[in-house]
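Novice: Supplied structure: my_file01.txt, compact mmCIF, C-alpha atoms (C1' of nucleotides).
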# COMPACT_ATOMS: atom_id res chain seq x y z
CA MET A 1238 59.19 65.00 70.12
CA THR A 1239 58.64 61.44 71.26
CA GLU A 1240 61.77 59.39 71.87
CA PRO A 1241 62.75 57.22 68.94
CA ARG A 1242 62.86 53.48 69.62
CA ARG A 1243 66.36 52.25 70.32
CA ASP A 1244 66.58 48.53 70.83
CA VAL A 1245 68.56 45.67 69.38
CA PHE A 1246 65.75 44.70 67.01
CA GLN A 1247 65.52 48.20 65.62
CA ALA A 1248 69.30 48.26 65.32
CA ILE A 1249 69.59 45.09 63.24
CA ALA A 1250 66.66 46.08 61.01
CA ASP A 1251 68.99 48.10 58.79
CA PRO A 1252 71.21 46.15 56.37
CA THR A 1253 74.10 48.62 56.66
CA ARG A 1254 74.04 48.26 60.43
CA ARG A 1255 74.03 44.48 60.12
CA GLY A 1256 77.05 44.84 57.84
CA ILE A 1257 78.81 47.02 60.38
CA LEU A 1258 78.13 44.47 63.11
CA MET A 1259 79.50 41.65 60.94
CA LEU A 1260 82.69 43.61 60.28
CA LEU A 1261 83.09 44.51 63.94
CA ALA A 1262 82.69 40.84 64.80
CA THR A 1263 86.07 40.25 63.17
CA GLN A 1264 87.91 43.33 64.49
CA ALA A 1265 87.56 46.81 65.96
CA MET A 1266 87.43 49.51 63.27
CA THR A 1267 87.37 53.27 62.74
CA PRO A 1268 84.35 54.99 61.09
CA ASN A 1269 86.40 55.70 57.96
CA ALA A 1270 87.50 52.08 57.62
CA LEU A 1271 83.88 51.03 58.04
CA ALA A 1272 82.55 53.59 55.58
CA GLU A 1273 84.91 52.31 52.88
CA GLN A 1274 83.11 48.97 53.00
CA PHE A 1275 79.70 50.43 52.19
CA GLU A 1276 78.10 52.40 49.38
CA THR A 1277 77.45 55.34 51.63
CA SER A 1278 79.13 58.33 53.23
CA ARG A 1279 81.20 58.42 56.41
CA GLN A 1280 78.56 60.63 58.00
CA ALA A 1281 75.83 58.12 57.28
CA VAL A 1282 77.94 55.32 58.77
CA SER A 1283 78.66 57.55 61.74
CA LYS A 1284 74.94 57.91 62.38
CA HIS A 1285 74.51 54.16 62.27
CA ILE A 1286 77.36 53.73 64.72
CA ASN A 1287 75.63 56.20 67.03
CA ILE A 1288 72.47 54.14 66.98
CA LEU A 1289 74.44 50.95 67.62
CA GLN A 1290 76.11 52.65 70.58
CA GLU A 1291 72.83 53.96 71.98
CA CYS A 1292 71.43 50.46 72.16
CA GLY A 1293 74.63 48.99 73.56
CA LEU A 1294 75.77 46.85 70.64
CA VAL A 1295 78.96 48.80 70.06
CA LYS A 1296 81.49 50.57 72.28
CA ALA A 1297 84.09 53.21 71.40
CA GLU A 1298 87.71 53.65 72.37
CA GLN A 1299 89.55 56.84 71.52
CA SER A 1300 93.15 56.56 70.42
CA GLY A 1301 94.65 59.86 69.36
CA ARG A 1302 92.47 61.31 66.64
CA GLU A 1303 91.07 57.91 65.77
CA ILE A 1304 88.15 56.16 67.40
CA HIS A 1305 88.02 52.41 67.36
CA TYR A 1306 84.60 50.87 67.57
CA SER A 1307 84.16 47.32 68.76
CA LEU A 1308 81.34 44.89 69.26
CA GLU A 1309 79.50 44.26 72.53
CA VAL A 1310 78.58 40.79 71.44
CA THR A 1311 76.65 39.77 74.55
CA LYS A 1312 74.00 42.36 73.72
CA MET A 1313 73.12 40.20 70.74
CA LYS A 1314 71.90 37.57 73.19
CA GLU A 1315 68.67 39.55 73.41
CA VAL A 1316 67.90 38.51 69.85
CA ASP A 1317 68.95 34.98 70.65
CA ALA A 1318 66.55 34.95 73.61
CA PHE A 1319 63.68 36.10 71.40
CA LEU A 1320 64.45 33.30 68.98
CA GLU A 1321 64.44 30.61 71.66
CA PRO A 1322 60.73 29.66 71.56
CA PHE A 1323 60.78 29.56 67.75
CA ARG A 1324 63.87 27.42 67.75
CA LYS A 1325 61.92 24.96 69.92
CA LEU A 1326 59.23 24.83 67.26
CA TRP A 1327 61.50 23.97 64.40
CA ALA A 1328 63.28 21.45 66.58
CA ASN A 1329 59.91 19.80 67.25
CA ARG A 1330 59.15 19.65 63.56
CA PHE A 1331 62.43 17.93 63.04
CA ASP A 1332 61.47 15.43 65.75
CA GLN A 1333 58.16 14.84 64.01
CA LEU A 1334 59.92 14.15 60.74
CA ASP A 1335 62.23 11.86 62.64
CA ASP A 1336 59.25 9.95 64.08
CA LEU A 1337 57.68 9.74 60.65
CA LEU A 1338 60.82 8.31 59.09
CA SER A 1339 61.37 5.75 61.83
CA ASN A 1340 57.78 4.52 61.39
CA LEU A 1341 58.33 3.69 57.72
CA MET B 923 57.78 55.48 44.92
CA THR B 924 60.62 53.20 45.87
CA GLU B 925 59.70 49.80 47.23
CA PRO B 926 59.72 49.58 51.00
CA ARG B 927 62.07 47.04 52.53
CA ARG B 928 60.36 43.81 53.45
CA ASP B 929 62.60 41.33 55.17
CA VAL B 930 62.56 39.31 58.37
CA PHE B 931 64.74 41.83 60.19
CA GLN B 932 62.45 44.69 59.29
CA ALA B 933 59.49 42.52 60.34
CA ILE B 934 60.76 41.76 63.83
CA ALA B 935 61.85 45.36 64.43
CA ASP B 936 58.34 46.27 65.59
CA PRO B 937 57.33 45.14 69.10
CA THR B 938 53.69 44.56 68.11
CA ARG B 939 54.82 42.30 65.28
CA ARG B 940 57.08 40.38 67.65
CA GLY B 941 54.06 39.97 69.92
CA ILE B 942 51.96 38.68 67.03
CA LEU B 943 54.67 36.17 66.15
CA MET B 944 54.87 34.98 69.75
CA LEU B 945 51.12 34.43 69.87
CA LEU B 946 51.10 32.66 66.54
CA ALA B 947 53.86 30.41 67.83
CA THR B 948 51.29 28.87 70.17
CA GLN B 949 48.31 28.68 67.79
CA ALA B 950 46.77 30.01 64.58
CA MET B 951 44.61 33.09 65.19
CA THR B 952 42.22 35.49 63.48
CA PRO B 953 43.05 39.23 63.18
CA ASN B 954 40.34 40.09 65.71
CA ALA B 955 41.65 37.61 68.25
CA LEU B 956 45.14 39.03 67.74
CA ALA B 957 44.01 42.66 67.99
CA GLU B 958 42.38 41.98 71.36
CA GLN B 959 45.83 41.20 72.76
CA PHE B 960 47.30 44.57 71.87
CA GLU B 961 46.66 48.20 72.67
CA THR B 962 45.88 49.01 69.07
CA SER B 963 43.14 48.72 66.47
CA ARG B 964 42.26 45.74 64.33
CA GLN B 965 43.28 47.70 61.25
CA ALA B 966 46.71 48.39 62.65
CA VAL B 967 47.16 44.72 63.50
CA SER B 968 45.93 43.85 60.03
CA LYS B 969 48.66 45.99 58.52
CA HIS B 970 51.27 44.25 60.63
CA ILE B 971 49.93 40.88 59.51
CA ASN B 972 50.25 42.04 55.90
CA ILE B 973 53.89 42.89 56.43
CA LEU B 974 54.50 39.54 58.14
CA GLN B 975 52.87 37.81 55.17
CA GLU B 976 54.86 39.78 52.61
CA CYS B 977 58.10 38.61 54.12
CA GLY B 978 56.92 35.03 54.51
CA LEU B 979 56.73 34.78 58.30
CA VAL B 980 52.99 34.19 58.36
CA LYS B 981 50.52 32.38 56.14
CA ALA B 982 46.72 32.72 55.86
CA GLU B 983 43.93 30.17 55.63
CA GLN B 984 40.40 31.31 54.90
CA SER B 985 37.60 29.52 56.67
CA GLY B 986 34.20 31.05 55.95
CA ARG B 987 34.36 34.72 56.87
CA GLU B 988 37.29 34.15 59.20
CA ILE B 989 40.93 34.07 58.28
CA HIS B 990 43.31 32.06 60.39
CA TYR B 991 46.89 33.23 60.37
CA SER B 992 49.68 30.88 61.32
CA LEU B 993 53.41 31.00 61.69
CA GLU B 994 55.92 29.97 59.03
CA VAL B 995 58.51 29.22 61.66
CA THR B 996 61.28 28.11 59.30
CA LYS B 997 61.49 31.66 57.96
CA MET B 998 62.81 32.66 61.36
CA LYS B 999 65.90 30.62 60.61
CA GLU B 1000 67.16 33.58 58.60
CA VAL B 1001 67.57 35.48 61.85
CA ASP B 1002 69.15 32.45 63.43
CA ALA B 1003 71.62 32.25 60.55
CA PHE B 1004 72.59 35.90 61.02
CA LEU B 1005 73.18 35.25 64.70
CA GLU B 1006 75.45 32.27 64.07
CA PRO B 1007 78.82 34.10 63.82
CA PHE B 1008 78.01 36.17 66.92
CA ARG B 1009 76.99 33.08 68.84
CA LYS B 1010 80.44 31.71 68.07
CA LEU B 1011 81.98 34.82 69.62
CA TRP B 1012 80.15 34.59 72.90
CA ALA B 1013 80.85 30.89 73.03
CA ASN B 1014 84.56 31.68 72.70
CA ARG B 1015 84.41 34.21 75.48
CA PHE B 1016 82.84 31.58 77.68
CA ASP B 1017 85.71 29.25 76.81
CA GLN B 1018 88.17 31.99 77.72
CA LEU B 1019 86.49 32.47 81.09
CA ASP B 1020 86.61 28.72 81.52
CA ASP B 1021 90.35 28.69 80.83
CA LEU B 1022 90.87 31.56 83.24
CA LEU B 1023 89.00 29.81 86.03
CA SER B 1024 90.80 26.51 85.59
CA ASN B 1025 94.14 28.34 85.82
CA LEU B 1026 93.37 29.71 89.27
C1' DT C 1170 16.00 38.68 53.72
C1' DA C 1171 17.77 41.98 57.11
C1' DA C 1172 21.19 42.67 60.63
C1' DA C 1173 25.51 41.62 62.42
C1' DT C 1174 30.16 40.04 62.05
C1' DT C 1175 34.82 39.52 59.98
C1' DC C 1176 38.01 41.61 57.47
C1' DG C 1177 40.56 43.92 53.57
C1' DC C 1178 41.40 48.33 51.19
C1' DA C 1179 42.25 53.27 50.30
C1' DA C 1180 43.14 57.81 51.86
C1' DC C 1181 45.15 60.46 55.06
C1' DC C 1182 48.33 62.13 59.06
C1' DA C 1183 52.29 62.63 62.28
C1' DT C 1184 56.64 61.05 63.23
C1' DA C 1185 60.91 58.29 62.50
C1' DT C 1186 64.47 57.04 59.49
C1' DA C 1187 68.28 57.33 56.41
C1' DG C 1188 70.62 60.14 54.01
C1' DT C 1189 72.92 64.68 52.51
C1' DT C 1190 75.78 69.00 52.94
C1' DG C 1191 78.44 72.19 55.47
C1' DC C 1192 80.92 73.24 59.49
C1' DT C 1193 83.95 72.81 63.69
C1' DT C 1194 87.23 70.54 66.73
C1' DA C 1195 91.12 67.72 67.74
C1' DT C 1196 95.16 65.35 66.47
C1' DT C 1197 98.90 64.23 63.27
C1' DT C 1198 102.10 65.05 59.72
C1' DT C 1199 105.18 67.97 57.14
C1' DA D 1358 103.22 76.74 62.44
C1' DA D 1359 100.62 75.22 58.34
C1' DA D 1360 98.39 71.50 55.99
C1' DA D 1361 96.13 67.30 56.25
C1' DT D 1362 93.44 63.88 58.47
C1' DA D 1363 89.74 61.82 61.55
C1' DA D 1364 85.53 62.42 63.15
C1' DG D 1365 81.50 64.66 65.61
C1' DC D 1366 77.54 67.92 65.14
C1' DA D 1367 73.62 70.60 63.26
C1' DA D 1368 70.39 71.63 59.76
C1' DC D 1369 67.84 70.04 56.17
C1' DT D 1370 65.41 66.69 52.81
C1' DA D 1371 62.82 62.74 51.06
C1' DT D 1372 60.72 58.66 52.16
C1' DA D 1373 59.05 54.89 55.24
C1' DT D 1374 56.47 53.67 59.15
C1' DG D 1375 52.72 53.13 62.19
C1' DG D 1376 48.60 54.64 63.04
C1' DT D 1377 43.78 56.48 62.10
C1' DT D 1378 39.09 56.84 59.87
C1' DG D 1379 35.78 55.48 56.61
C1' DC D 1380 34.13 52.26 53.36
C1' DG D 1381 32.74 48.05 51.00
C1' DA D 1382 32.68 42.96 50.25
C1' DA D 1383 31.79 38.43 51.93
C1' DT D 1384 29.81 35.35 55.23
C1' DT D 1385 26.85 34.22 59.23
C1' DT D 1386 23.09 34.71 62.28
C1' DA D 1387 18.36 35.96 63.46
What do you get writing this file as structure tokens?
Specialist:
Amino acid sequence: MTEPRRDVFQAIADPTRRGILMLLATQAMTPNALAEQFETSRQAVSKHINILQECGLVKAEQSGREIHYSLEVTKMKEVDAFLEPFRKLWANRFDQLDDLLSNL
Amino acid sequence: MTEPRRDVFQAIADPTRRGILMLLATQAMTPNALAEQFETSRQAVSKHINILQECGLVKAEQSGREIHYSLEVTKMKEVDAFLEPFRKLWANRFDQLDDLLSNL
DNA sequence: TAAATTCGCAACCATATAGTTGCTTATTTT
DNA sequence: AAAATAAGCAACTATATGGTTGCGAATTTA
């Protein structure tokens, strides 16, 4: 039983999880409230939330029998950091186009 | 046989594929040259390249018996676009910290 | 032209993933 | 106290993923 990969990139690979993250970006929500937004069961959503928690993208706060999940937005900076060198590339291409246009 | 998912998020979920993308950000490369950089076989790398091609992150150019793969960097903007709302959030938090500090 | 190189393709394998169903626990509501 | 609600957990299933090996086609090199 090798450990499954649990990182931000794995987490955002699933469209349902991306949806959950988008919703949690606006407000903290319970699993039931989240599940209502997707074409899947509460249990399935619950599993996704677990994965998001394991990799630190989401944190939980118990309140009576409800659990409110909220976003740990800074964790998303890992994706942003990965993107950085690529962003430089498309910025350069824009510069090149800029140079081209100014030479006309 | 349902179609496997093939999108940018799925593509960057694998660490080897992220490595390939990083290398291709610096220069176009052949599968063999790429495979030498990783602890895996040429065939495995080749499969990753296929996936990267299918989702439009990489393009191929044949040159004799060699194939040079290069990055389609603009495709990465899809990830950047997804990140946009979250970036806003951590920018806001920075502003809040800023406010807090200036009130001391 | 024969040997070597580059590389894709197909078949196969082990494991991870995403989902389901059924159950239990804890907290509210009535 | 009984019923209803919220949610985690475990077992199970089907499919995707990442990898391997073996093979064949195309292009160079000797």
Novice: Please list as a PyMOL selection string every residue within 12 Å of segment 962-964 of chain B, counting only C-alpha atoms (C1' of nucleotides) and excluding residues in the same chain fewer than 2 positions away.
Specialist: (chain B and resi 938-939+952-960+966-971) or (chain C and resi 1175-1177) or (chain D and resi 1375-1378)
Novice: Go ahead and compute the interatomic distance for atom CA of Ile989 of chain B and atom C1' of DA1173 of chain C, in Å to one decimal.
Specialist: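 Value for the atom CA of Ile989 of chain B-atom C1' of DA1173 of chain C distance: 17.7 Å.
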Novice: Give the answer as one residue: which of B:Val1001, B:Ala950, B:Val995, B:Val930 has the shortest atom-to-atom distance to Glu983 of chain B, using all atoms listed in the file?
Specialist: B:Ala950
Novice: Could you write out as a list in words the residues of chain D within 10 Å of chain A, counting all atoms listed in the file?
Specialist: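 Per the criterion, chain D yields DT1362, DA1363, DA1364 and DG1365 of chain D.
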Novice: For chain B, list the residues within 8 Å of chain A, counting all atoms listed in the file, and write the list as a VMD selection string.
Specialist: chain B and resid 931 to 932 934 to 936 947 995 to 996 998 1002 1005 1007 to 1008 1011 to 1012
Novice: Could you give me, as a Markdown table, a per-residue list for chain C showing, wherever an atom lies at most 12 Å from an atom of chain A, the closest pair of atoms and their distance in Å to one decimal, using only C-alpha atoms (C1' of nucleotides) and sorting by chain then residue number from low to high?
Specialist:
| residue | atom | partner | partner_atom | distance |
| --- | --- | --- | --- | --- |
| C:DA1183 | C1' | A:Met1238 | CA | 10.7 |
| C:DT1184 | C1' | A:Thr1239 | CA | 8.3 |
| C:DA1185 | C1' | A:Pro1241 | CA | 6.8 |
| C:DT1186 | C1' | A:Pro1241 | CA | 9.6 |
| C:DA1187 | C1' | A:Ala1281 | CA | 7.6 |
| C:DG1188 | C1' | A:Ala1281 | CA | 6.5 |
| C:DT1189 | C1' | A:Ala1281 | CA | 8.6 |
| C:DT1190 | C1' | A:Gln1280 | CA | 10.2 |
| C:DG1191 | C1' | A:Gln1280 | CA | 11.8 |
| C:DT1194 | C1' | A:Arg1302 | CA | 10.6 |
| C:DA1195 | C1' | A:Arg1302 | CA | 6.6 |
| C:DT1196 | C1' | A:Arg1302 | CA | 4.9 |
| C:DT1197 | C1' | A:Arg1302 | CA | 7.8 |
Novice: Produce the centre coordinates and the three edge lengths, each in Å to one decimal, of the box along x, y and z that contains all listed atoms of segment 944-963 of chain B with 6 Å added on each side, as JSON.
Specialist:
{"center_x": 47.6, "center_y": 38.8, "center_z": 68.0, "size_x": 26.5, "size_y": 32.3, "size_z": 21.6}
Novice: Between atom C1' of DA1359 of chain D and atom C1' of DC1192 of chain C, what is the distance, to one decimal in Å?
Specialist: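 Computed distance, atom C1' of DA1359 of chain D to atom C1' of DC1192 of chain C, equals 19.8 Å.
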Novice: Quick check, in Å to one decimal: how far apart do atom CA of Met1266 of chain A and atom CA of Ala1297 of chain A lie?
Specialist: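 According to the coordinates, atom CA of Met1266 of chain A and atom CA of Ala1297 of chain A are separated by 9.5 Å.
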